[in-house]
Each structure stands twice: as C-alpha cells, then as structure tokens.
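One file, upload-v5.pdb, carrying PDB, C-alpha atoms:
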```pdb
ATOM      1  CA  MET B   1       0.000   0.000   0.000  1.00  0.00           C
ATOM      2  CA  ARG B   2       2.755   2.486   0.943  1.00  0.00           C
ATOM      3  CA  SER B   3       4.603   1.893  -2.354  1.00  0.00           C
ATOM      4  CA  TRP B   4       1.364   2.439  -4.277  1.00  0.00           C
ATOM      5  CA  LEU B   5       0.786   5.745  -2.480  1.00  0.00           C
ATOM      6  CA  LYS B   6       4.331   6.823  -3.287  1.00  0.00           C
ATOM      7  CA  GLN B   7       3.830   5.976  -6.968  1.00  0.00           C
ATOM      8  CA  LEU B   8       0.684   8.094  -7.041  1.00  0.00           C
ATOM      9  CA  ALA B   9       2.459  10.945  -5.251  1.00  0.00           C
ATOM     10  CA  ARG B  10       5.240  10.983  -7.841  1.00  0.00           C
ATOM     11  CA  ARG B  11       2.573  11.291 -10.533  1.00  0.00           C
ATOM     12  CA  GLY B  12       0.811  14.060  -8.623  1.00  0.00           C
ATOM     13  CA  ILE B  13      -2.323  11.963  -8.113  1.00  0.00           C
ATOM     14  CA  SER B  14      -4.231  11.613  -4.855  1.00  0.00           C
ATOM     15  CA  PRO B  15      -5.490   8.181  -3.773  1.00  0.00           C
ATOM     16  CA  LEU B  16      -8.795   9.948  -3.112  1.00  0.00           C
ATOM     17  CA  ALA B  17      -9.165  10.505  -6.851  1.00  0.00           C
ATOM     18  CA  ASP B  18     -11.373   7.450  -7.371  1.00  0.00           C
ATOM     19  CA  ILE B  19     -14.552   9.357  -8.230  1.00  0.00           C
ATOM     20  CA  VAL B  20     -13.150   9.476 -11.761  1.00  0.00           C
ATOM     21  CA  PRO B  21     -10.578   7.078 -13.253  1.00  0.00           C
ATOM     22  CA  LEU B  22      -6.988   7.868 -12.318  1.00  0.00           C
ATOM     23  CA  GLU B  23      -6.043   8.188 -15.974  1.00  0.00           C
ATOM     24  CA  ILE B  24      -8.544  11.026 -16.393  1.00  0.00           C
ATOM     25  CA  GLU B  25      -7.348  12.694 -13.193  1.00  0.00           C
ATOM     26  CA  GLU B  26      -3.769  12.516 -14.459  1.00  0.00           C
ATOM     27  CA  TYR B  27      -4.723  13.840 -17.893  1.00  0.00           C
ATOM     28  CA  ALA B  28      -6.631  16.750 -16.345  1.00  0.00           C
ATOM     29  CA  ALA B  29      -3.681  17.641 -14.092  1.00  0.00           C
ATOM     30  CA  ALA B  30      -1.308  17.526 -17.057  1.00  0.00           C
ATOM     31  CA  HIS B  31      -3.454  20.058 -18.930  1.00  0.00           C
ATOM     32  CA  SER B  32      -3.985  22.445 -16.022  1.00  0.00           C
ATOM     33  CA  VAL B  33      -1.844  25.098 -14.312  1.00  0.00           C
ATOM     34  CA  ALA B  34       1.541  23.547 -13.637  1.00  0.00           C
ATOM     35  CA  GLU B  35       2.612  22.643 -10.124  1.00  0.00           C
ATOM     36  CA  SER B  36       5.433  24.838  -8.831  1.00  0.00           C
ATOM     37  CA  ASP B  37       8.725  23.307  -7.741  1.00  0.00           C
ATOM     38  CA  VAL B  38       8.171  24.203  -4.086  1.00  0.00           C
ATOM     39  CA  CYS B  39       4.646  22.778  -4.105  1.00  0.00           C
ATOM     40  CA  ARG B  40       6.034  19.575  -5.609  1.00  0.00           C
ATOM     41  CA  LEU B  41       8.593  19.372  -2.804  1.00  0.00           C
ATOM     42  CA  ILE B  42       5.852  19.856  -0.203  1.00  0.00           C
ATOM     43  CA  ARG B  43       3.766  17.098  -1.769  1.00  0.00           C
ATOM     44  CA  GLU B  44       6.664  14.681  -2.016  1.00  0.00           C
ATOM     45  CA  GLU B  45       7.795  15.170   1.589  1.00  0.00           C
ATOM     46  CA  THR B  46       4.196  14.988   2.780  1.00  0.00           C
ATOM     47  CA  TYR B  47       3.866  11.531   1.241  1.00  0.00           C
ATOM     48  CA  ARG B  48       7.230  10.453   2.632  1.00  0.00           C
ATOM     49  CA  THR B  49       6.719  11.598   6.201  1.00  0.00           C
ATOM     50  CA  GLN B  50       3.074  12.221   7.152  1.00  0.00           C
ATOM     51  CA  ASP B  51       0.593   9.729   8.584  1.00  0.00           C
ATOM     52  CA  CYS B  52      -2.290  10.935   6.395  1.00  0.00           C
ATOM     53  CA  PRO B  53      -0.580  12.292   3.260  1.00  0.00           C
ATOM     54  CA  GLN B  54      -3.770  12.038   1.204  1.00  0.00           C
ATOM     55  CA  MET B  55      -4.974  15.196   2.957  1.00  0.00           C
ATOM     56  CA  VAL B  56      -2.701  17.285   0.713  1.00  0.00           C
ATOM     57  CA  VAL B  57      -4.807  18.690  -2.131  1.00  0.00           C
ATOM     58  CA  GLY B  58      -2.477  17.752  -5.003  1.00  0.00           C
ATOM     59  CA  PRO B  59      -1.778  19.403  -8.376  1.00  0.00           C
ATOM     60  CA  LEU B  60      -5.237  19.290  -9.974  1.00  0.00           C
ATOM     61  CA  GLU B  61      -7.141  20.774  -7.057  1.00  0.00           C
ATOM     62  CA  ALA B  62      -4.328  23.293  -6.511  1.00  0.00           C
ATOM     63  CA  ALA B  63      -4.685  24.372 -10.134  1.00  0.00           C
ATOM     64  CA  PHE B  64      -8.406  24.883  -9.589  1.00  0.00           C
ATOM     65  CA  LEU B  65      -7.754  26.950  -6.461  1.00  0.00           C
ATOM     66  CA  LYS B  66      -5.350  29.152  -8.404  1.00  0.00           C
ATOM     67  CA  VAL B  67      -7.894  29.735 -11.160  1.00  0.00           C
ATOM     68  CA  MET B  68     -10.537  30.692  -8.591  1.00  0.00           C
ATOM     69  CA  VAL B  69      -8.162  33.180  -6.966  1.00  0.00           C
ATOM     70  CA  LEU B  70      -7.465  34.703 -10.371  1.00  0.00           C
ATOM     71  CA  ALA B  71     -11.109  34.645 -11.474  1.00  0.00           C
ATOM     72  CA  VAL B  72     -12.363  36.737  -8.556  1.00  0.00           C
ATOM     73  CA  ARG B  73      -9.253  38.964  -8.579  1.00  0.00           C
ATOM     74  CA  ALA B  74      -8.743  38.100  -4.948  1.00  0.00           C
ATOM     75  CA  ARG B  75      -7.038  40.467  -2.551  1.00  0.00           C
ATOM     76  CA  ARG B  76      -7.589  38.439   0.619  1.00  0.00           C
ATOM     77  CA  VAL B  77      -7.804  34.649   0.853  1.00  0.00           C
ATOM     78  CA  LEU B  78      -8.806  32.684   3.956  1.00  0.00           C
ATOM     79  CA  GLU B  79      -7.958  29.019   4.342  1.00  0.00           C
ATOM     80  CA  ILE B  80      -9.319  26.841   7.145  1.00  0.00           C
ATOM     81  CA  GLY B  81      -6.956  23.882   7.497  1.00  0.00           C
ATOM     82  CA  THR B  82      -3.314  24.355   6.465  1.00  0.00           C
ATOM     83  CA  PHE B  83      -1.925  20.827   6.864  1.00  0.00           C
ATOM     84  CA  THR B  84       1.570  20.931   5.288  1.00  0.00           C
ATOM     85  CA  GLY B  85       1.021  24.224   3.476  1.00  0.00           C
ATOM     86  CA  TYR B  86       0.555  23.065  -0.117  1.00  0.00           C
ATOM     87  CA  SER B  87      -2.785  24.713  -0.872  1.00  0.00           C
ATOM     88  CA  ALA B  88      -1.925  27.963   0.910  1.00  0.00           C
ATOM     89  CA  LEU B  89       1.221  28.310  -1.181  1.00  0.00           C
ATOM     90  CA  ALA B  90      -0.602  27.404  -4.390  1.00  0.00           C
ATOM     91  CA  MET B  91      -3.128  30.176  -3.786  1.00  0.00           C
ATOM     92  CA  ALA B  92      -0.427  32.651  -2.757  1.00  0.00           C
ATOM     93  CA  GLU B  93       1.338  31.961  -6.062  1.00  0.00           C
ATOM     94  CA  ALA B  94      -1.748  33.278  -7.871  1.00  0.00           C
ATOM     95  CA  LEU B  95      -1.869  36.517  -5.859  1.00  0.00           C
ATOM     96  CA  PRO B  96      -0.126  39.735  -6.924  1.00  0.00           C
ATOM     97  CA  GLU B  97       2.273  41.399  -4.514  1.00  0.00           C
ATOM     98  CA  GLY B  98       0.569  43.135  -1.611  1.00  0.00           C
ATOM     99  CA  ARG B  99      -2.233  40.573  -1.351  1.00  0.00           C
ATOM    100  CA  SER B 100      -2.438  37.814   1.226  1.00  0.00           C
ATOM    101  CA  VAL B 101      -3.487  34.348   2.350  1.00  0.00           C
ATOM    102  CA  LEU B 102      -4.491  33.878   5.985  1.00  0.00           C
ATOM    103  CA  THR B 103      -4.496  30.195   6.920  1.00  0.00           C
ATOM    104  CA  CYS B 104      -5.631  28.478  10.125  1.00  0.00           C
ATOM    105  CA  GLU B 105      -3.968  25.340  11.533  1.00  0.00           C
ATOM    106  CA  ILE B 106      -4.403  23.641  14.891  1.00  0.00           C
ATOM    107  CA  ASP B 107      -1.242  21.512  14.799  1.00  0.00           C
ATOM    108  CA  PRO B 108       2.051  23.342  15.521  1.00  0.00           C
ATOM    109  CA  ASP B 109       4.102  20.613  13.811  1.00  0.00           C
ATOM    110  CA  SER B 110       2.133  20.982  10.583  1.00  0.00           C
ATOM    111  CA  ALA B 111       2.530  24.748  10.813  1.00  0.00           C
ATOM    112  CA  ALA B 112       6.302  24.393  11.218  1.00  0.00           C
ATOM    113  CA  PHE B 113       6.449  22.008   8.230  1.00  0.00           C
ATOM    114  CA  ALA B 114       4.535  24.527   6.113  1.00  0.00           C
ATOM    115  CA  ARG B 115       6.669  27.506   7.166  1.00  0.00           C
ATOM    116  CA  ARG B 116       9.848  25.639   6.275  1.00  0.00           C
ATOM    117  CA  TYR B 117       8.713  25.314   2.668  1.00  0.00           C
ATOM    118  CA  TRP B 118       7.083  28.723   2.379  1.00  0.00           C
ATOM    119  CA  ASP B 119      10.465  30.174   3.256  1.00  0.00           C
ATOM    120  CA  LYS B 120      11.822  28.553   0.072  1.00  0.00           C
ATOM    121  CA  SER B 121       9.308  30.404  -2.136  1.00  0.00           C
ATOM    122  CA  PRO B 122       9.171  34.108  -3.063  1.00  0.00           C
ATOM    123  CA  HIS B 123       5.408  33.815  -2.524  1.00  0.00           C
ATOM    124  CA  GLY B 124       5.730  32.591   1.059  1.00  0.00           C
ATOM    125  CA  LYS B 125       5.784  36.131   2.413  1.00  0.00           C
ATOM    126  CA  LYS B 126       2.167  36.549   1.276  1.00  0.00           C
ATOM    127  CA  ILE B 127       1.047  33.881   3.786  1.00  0.00           C
ATOM    128  CA  GLU B 128       0.129  34.413   7.430  1.00  0.00           C
ATOM    129  CA  ILE B 129      -0.635  31.383   9.592  1.00  0.00           C
ATOM    130  CA  ARG B 130      -2.671  31.411  12.800  1.00  0.00           C
ATOM    131  CA  VAL B 131      -2.002  28.371  14.994  1.00  0.00           C
ATOM    132  CA  GLY B 132      -4.850  27.246  17.238  1.00  0.00           C
ATOM    133  CA  PRO B 133      -8.481  26.108  16.989  1.00  0.00           C
ATOM    134  CA  ALA B 134      -9.878  27.568  13.781  1.00  0.00           C
ATOM    135  CA  LEU B 135     -13.227  28.530  15.296  1.00  0.00           C
ATOM    136  CA  GLU B 136     -11.429  30.719  17.832  1.00  0.00           C
ATOM    137  CA  THR B 137      -9.384  32.340  15.070  1.00  0.00           C
ATOM    138  CA  LEU B 138     -12.459  32.900  12.913  1.00  0.00           C
ATOM    139  CA  ARG B 139     -14.188  34.781  15.723  1.00  0.00           C
ATOM    140  CA  THR B 140     -11.356  37.341  15.680  1.00  0.00           C
ATOM    141  CA  LEU B 141     -11.423  38.020  11.928  1.00  0.00           C
ATOM    142  CA  THR B 142     -13.132  40.760   9.976  1.00  0.00           C
ATOM    143  CA  GLY B 143     -14.031  40.426   6.327  1.00  0.00           C
ATOM    144  CA  PRO B 144     -14.369  40.604   3.552  1.00  0.00           C
ATOM    145  CA  PHE B 145     -12.348  37.746   2.078  1.00  0.00           C
ATOM    146  CA  ASP B 146     -12.542  37.086  -1.649  1.00  0.00           C
ATOM    147  CA  VAL B 147     -11.836  33.347  -1.481  1.00  0.00           C
ATOM    148  CA  ILE B 148     -12.455  31.098   1.519  1.00  0.00           C
ATOM    149  CA  PHE B 149     -11.220  27.505   1.295  1.00  0.00           C
ATOM    150  CA  ILE B 150     -12.513  25.070   3.925  1.00  0.00           C
ATOM    151  CA  ASP B 151     -10.447  21.898   4.292  1.00  0.00           C
ATOM    152  CA  ALA B 152     -10.238  21.030   7.994  1.00  0.00           C
ATOM    153  CA  ASP B 153     -11.913  18.751  10.558  1.00  0.00           C
ATOM    154  CA  LYS B 154     -15.207  17.562   9.149  1.00  0.00           C
ATOM    155  CA  ALA B 155     -17.069  17.740  12.499  1.00  0.00           C
ATOM    156  CA  ASN B 156     -16.917  21.539  12.338  1.00  0.00           C
ATOM    157  CA  TYR B 157     -17.660  21.998   8.647  1.00  0.00           C
ATOM    158  CA  VAL B 158     -21.111  23.459   9.316  1.00  0.00           C
ATOM    159  CA  ASN B 159     -19.653  25.937  11.814  1.00  0.00           C
ATOM    160  CA  TYR B 160     -16.863  26.913   9.421  1.00  0.00           C
ATOM    161  CA  TYR B 161     -19.364  27.364   6.616  1.00  0.00           C
ATOM    162  CA  ARG B 162     -21.665  29.558   8.698  1.00  0.00           C
ATOM    163  CA  ARG B 163     -18.773  31.825   9.628  1.00  0.00           C
ATOM    164  CA  ALA B 164     -17.482  31.820   6.048  1.00  0.00           C
ATOM    165  CA  LYS B 165     -20.818  33.187   4.832  1.00  0.00           C
ATOM    166  CA  GLU B 166     -20.377  36.107   7.233  1.00  0.00           C
ATOM    167  CA  LEU B 167     -16.817  36.800   6.080  1.00  0.00           C
ATOM    168  CA  ILE B 168     -17.085  36.325   2.315  1.00  0.00           C
ATOM    169  CA  ALA B 169     -17.170  39.313  -0.030  1.00  0.00           C
ATOM    170  CA  PRO B 170     -20.339  39.736  -2.152  1.00  0.00           C
ATOM    171  CA  THR B 171     -18.248  38.952  -5.237  1.00  0.00           C
ATOM    172  CA  GLY B 172     -16.264  36.188  -3.521  1.00  0.00           C
ATOM    173  CA  VAL B 173     -16.411  32.409  -3.542  1.00  0.00           C
ATOM    174  CA  ILE B 174     -16.413  29.762  -0.823  1.00  0.00           C
ATOM    175  CA  LEU B 175     -14.713  26.464  -1.674  1.00  0.00           C
ATOM    176  CA  ILE B 176     -15.385  23.406   0.489  1.00  0.00           C
ATOM    177  CA  ASP B 177     -13.290  20.262   0.111  1.00  0.00           C
ATOM    178  CA  ASN B 178     -14.221  16.606   0.778  1.00  0.00           C
ATOM    179  CA  VAL B 179     -17.964  17.148   0.416  1.00  0.00           C
ATOM    180  CA  LEU B 180     -18.516  13.641  -1.016  1.00  0.00           C
ATOM    181  CA  TRP B 181     -16.461  12.118   1.782  1.00  0.00           C
ATOM    182  CA  SER B 182     -18.121   8.856   2.879  1.00  0.00           C
ATOM    183  CA  GLY B 183     -20.876   9.515   0.371  1.00  0.00           C
ATOM    184  CA  ARG B 184     -22.483  12.304   2.422  1.00  0.00           C
ATOM    185  CA  VAL B 185     -23.305  15.755   1.086  1.00  0.00           C
ATOM    186  CA  SER B 186     -25.528  18.634   2.151  1.00  0.00           C
ATOM    187  CA  SER B 187     -26.637  21.796   0.387  1.00  0.00           C
ATOM    188  CA  ASP B 188     -27.890  25.295   1.164  1.00  0.00           C
ATOM    189  CA  PRO B 189     -30.675  26.782  -0.999  1.00  0.00           C
ATOM    190  CA  ARG B 190     -29.677  30.305   0.111  1.00  0.00           C
ATOM    191  CA  VAL B 191     -26.563  30.265  -2.102  1.00  0.00           C
ATOM    192  CA  THR B 192     -25.656  29.413  -5.687  1.00  0.00           C
ATOM    193  CA  ALA B 193     -23.415  26.350  -5.786  1.00  0.00           C
ATOM    194  CA  VAL B 194     -21.919  23.675  -7.987  1.00  0.00           C
ATOM    195  CA  LEU B 195     -20.543  20.350  -6.754  1.00  0.00           C
ATOM    196  CA  LEU B 196     -17.449  19.229  -8.653  1.00  0.00           C
ATOM    197  CA  THR B 197     -16.061  15.696  -8.787  1.00  0.00           C
ATOM    198  CA  ILE B 198     -12.494  16.772  -8.065  1.00  0.00           C
ATOM    199  CA  ARG B 199     -10.930  14.287  -5.632  1.00  0.00           C
ATOM    200  CA  ASP B 200     -13.691  13.390  -3.168  1.00  0.00           C
ATOM    201  CA  GLY B 201     -15.889  16.353  -4.002  1.00  0.00           C
ATOM    202  CA  LEU B 202     -15.394  20.120  -4.041  1.00  0.00           C
ATOM    203  CA  PHE B 203     -18.254  22.578  -3.520  1.00  0.00           C
ATOM    204  CA  VAL B 204     -18.004  25.969  -5.209  1.00  0.00           C
ATOM    205  CA  ILE B 205     -20.386  28.412  -3.541  1.00  0.00           C
ATOM    206  CA  LYS B 206     -21.349  31.960  -4.488  1.00  0.00           C
ATOM    207  CA  PRO B 207     -23.395  34.175  -2.159  1.00  0.00           C
ATOM    208  CA  LYS B 208     -26.731  35.256  -3.590  1.00  0.00           C
ATOM    209  CA  PRO B 209     -27.256  39.032  -3.810  1.00  0.00           C
ATOM    210  CA  ALA B 210     -28.809  40.409  -0.651  1.00  0.00           C
TER     211      ALA B 210
END
```

Here is the file; what I need is its structure written in the form of structure tokens.
Amino acid sequence: MRSWLKQLARRGISPLADIVPLEIEEYAAAHSVAESDVCRLIREETYRTQDCPQMVVGPLEAAFLKVMVLAVRARRVLEIGTFTGYSALAMAEALPEGRSVLTCEIDPDSAAFARRYWDKSPHGKKIEIRVGPALETLRTLTGPFDVIFIDADKANYVNYYRRAKELIAPTGVILIDNVLWSGRVSSDPRVTAVLLTIRDGLFVIKPKPA
C-alpha cells in the first residue's frame, strides 16, 4: 500500500481521486496550471513523512484553487486547514504582490512544516498562519475575504461554513473540500453552488445578492 501511495504521489495523483478514473485525473492535471517546484517538494515530503498524506490537495485541485483566486481577482484569501502548506502556497502563487493568504492550523508541527517550505518560495511572504483552533481564530477576523477555502476537521464543517458566509465578499467564492467524503453531502438553498467531482468532491459556492 505504501509503495502504491508513493507511486501516485510521484505522478501528482491523490489516492482519493477514485470518483473518476486515475487516468482522467492525471490527464486533467497535465493540462492544467503547472505545479510549482516548491509545491512539488511539499507534496513529495508529505507523502514520505506524514501519517495521512492524502490530505494534501495535489496538483489538480491546486490548479483549480489558483484559477478561482485569479477569477475573482482576490485580494484576501482565507484558508481553514493548512496541513503541510501546499494549498496555501498554491493560492499565494496566484496573488499579486501586496495581497495575502491567511491560513488556520491547529497543529504546531504541521505549521512548522509549512513555514519551512514557504520560506523557500518568493510567494511565502504573502502567507500568514494562525495556529490554534480555527473557530477561535475565525471569531477574531473581519471580512471581507474574496476566497475562503474550507479543508479542515469535518465535524466543524457546518460551523466553518456559517462563519465563512459572514466573512465572504459579495463577489467572492467559498470552496469546500471533501464534500462527497463517505458519500455524504448537504446543500444550502440560500446560495448558488456547484458540486465538482475533483478528488472526493469540491463545492463551489457563491453568495446570492442580498
């Protein structure tokens, strides 16, 4: 099993990518925004050293995050769940100078892992990490954020989503990962949303005009 995971990691494919055939996932990644060298290093070390390496988003989802950041011309990005820092860096790479990613992580070791690689990238200075329970951090924040990416503990997804709706800009987008995890999904008729079959499900949510 470990050797199979390593083979997938070298190809930039997540073992969660079984909603669609792996060959299609690989083809899509190959024809999307290229993975940066530092992101590749994060992904490779994540698979070598972490207990749950499949939590890293991988090249295809990272490419989608970058396109979303560009599409809404984001100035401020909020991420809930840093893990080893791959997705935060990918989004920072799509931001012009003077714009920022604020990411929340409960585990100090994961935060230290992420910082070590962000320091290798010219885009790392765009990232601020808050270490501690995300719900506590979210209570201290003021919006608006142009992109909010939720990819943390599933038990609090509803709470993260409720707070995200308060913090998102009217022209922004909320992205929620793992929404087909274990075959369970919920929806909110008060927003406009599309559910994508990237990895194990990614919700793209736009606030409806007030």

Problem - Who sits within 12 Å of Leu135 in chain B, all atoms listed in the file, same chain under 5 positions skipped, as a list in words - result: Ile80, Gly81, Cys104, Glu105, Ile106, Arg130, Thr140, Leu141, Ile150, Ala152, Asp153, Ala155, Asn156, Tyr157, Val158, Asn159, Tyr160, Tyr161, Arg162, Arg163 and Ala164 of chain B

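In this comparison, which uses all atoms listed in the file, the residue of B:Lys206, B:Arg199, B:Arg73, B:Lys120 approaching Ala29 in chain B most closely is B:Arg199.
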
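We find CA of Pro96 in chain B and CA of Glu128 in chain B to be spaced 15.3 Å apart.
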
Exercise for the section: May I have the residues within 9 Å of range 143-148 of chain B as an MDAnalysis selection string, using only C-alpha atoms and disregarding those fewer than 3 positions away in the same chain? Expected result: chainID B and resid 68:69 72:80 164 166:176

Problem - Near-Val56 in chain B list (10 Å; only C-alpha atoms; drop same-chain fewer than 5 positions) as number ranges by chain - result: B: 14, 42-43, 46-47, 61-62, 82-87, 151
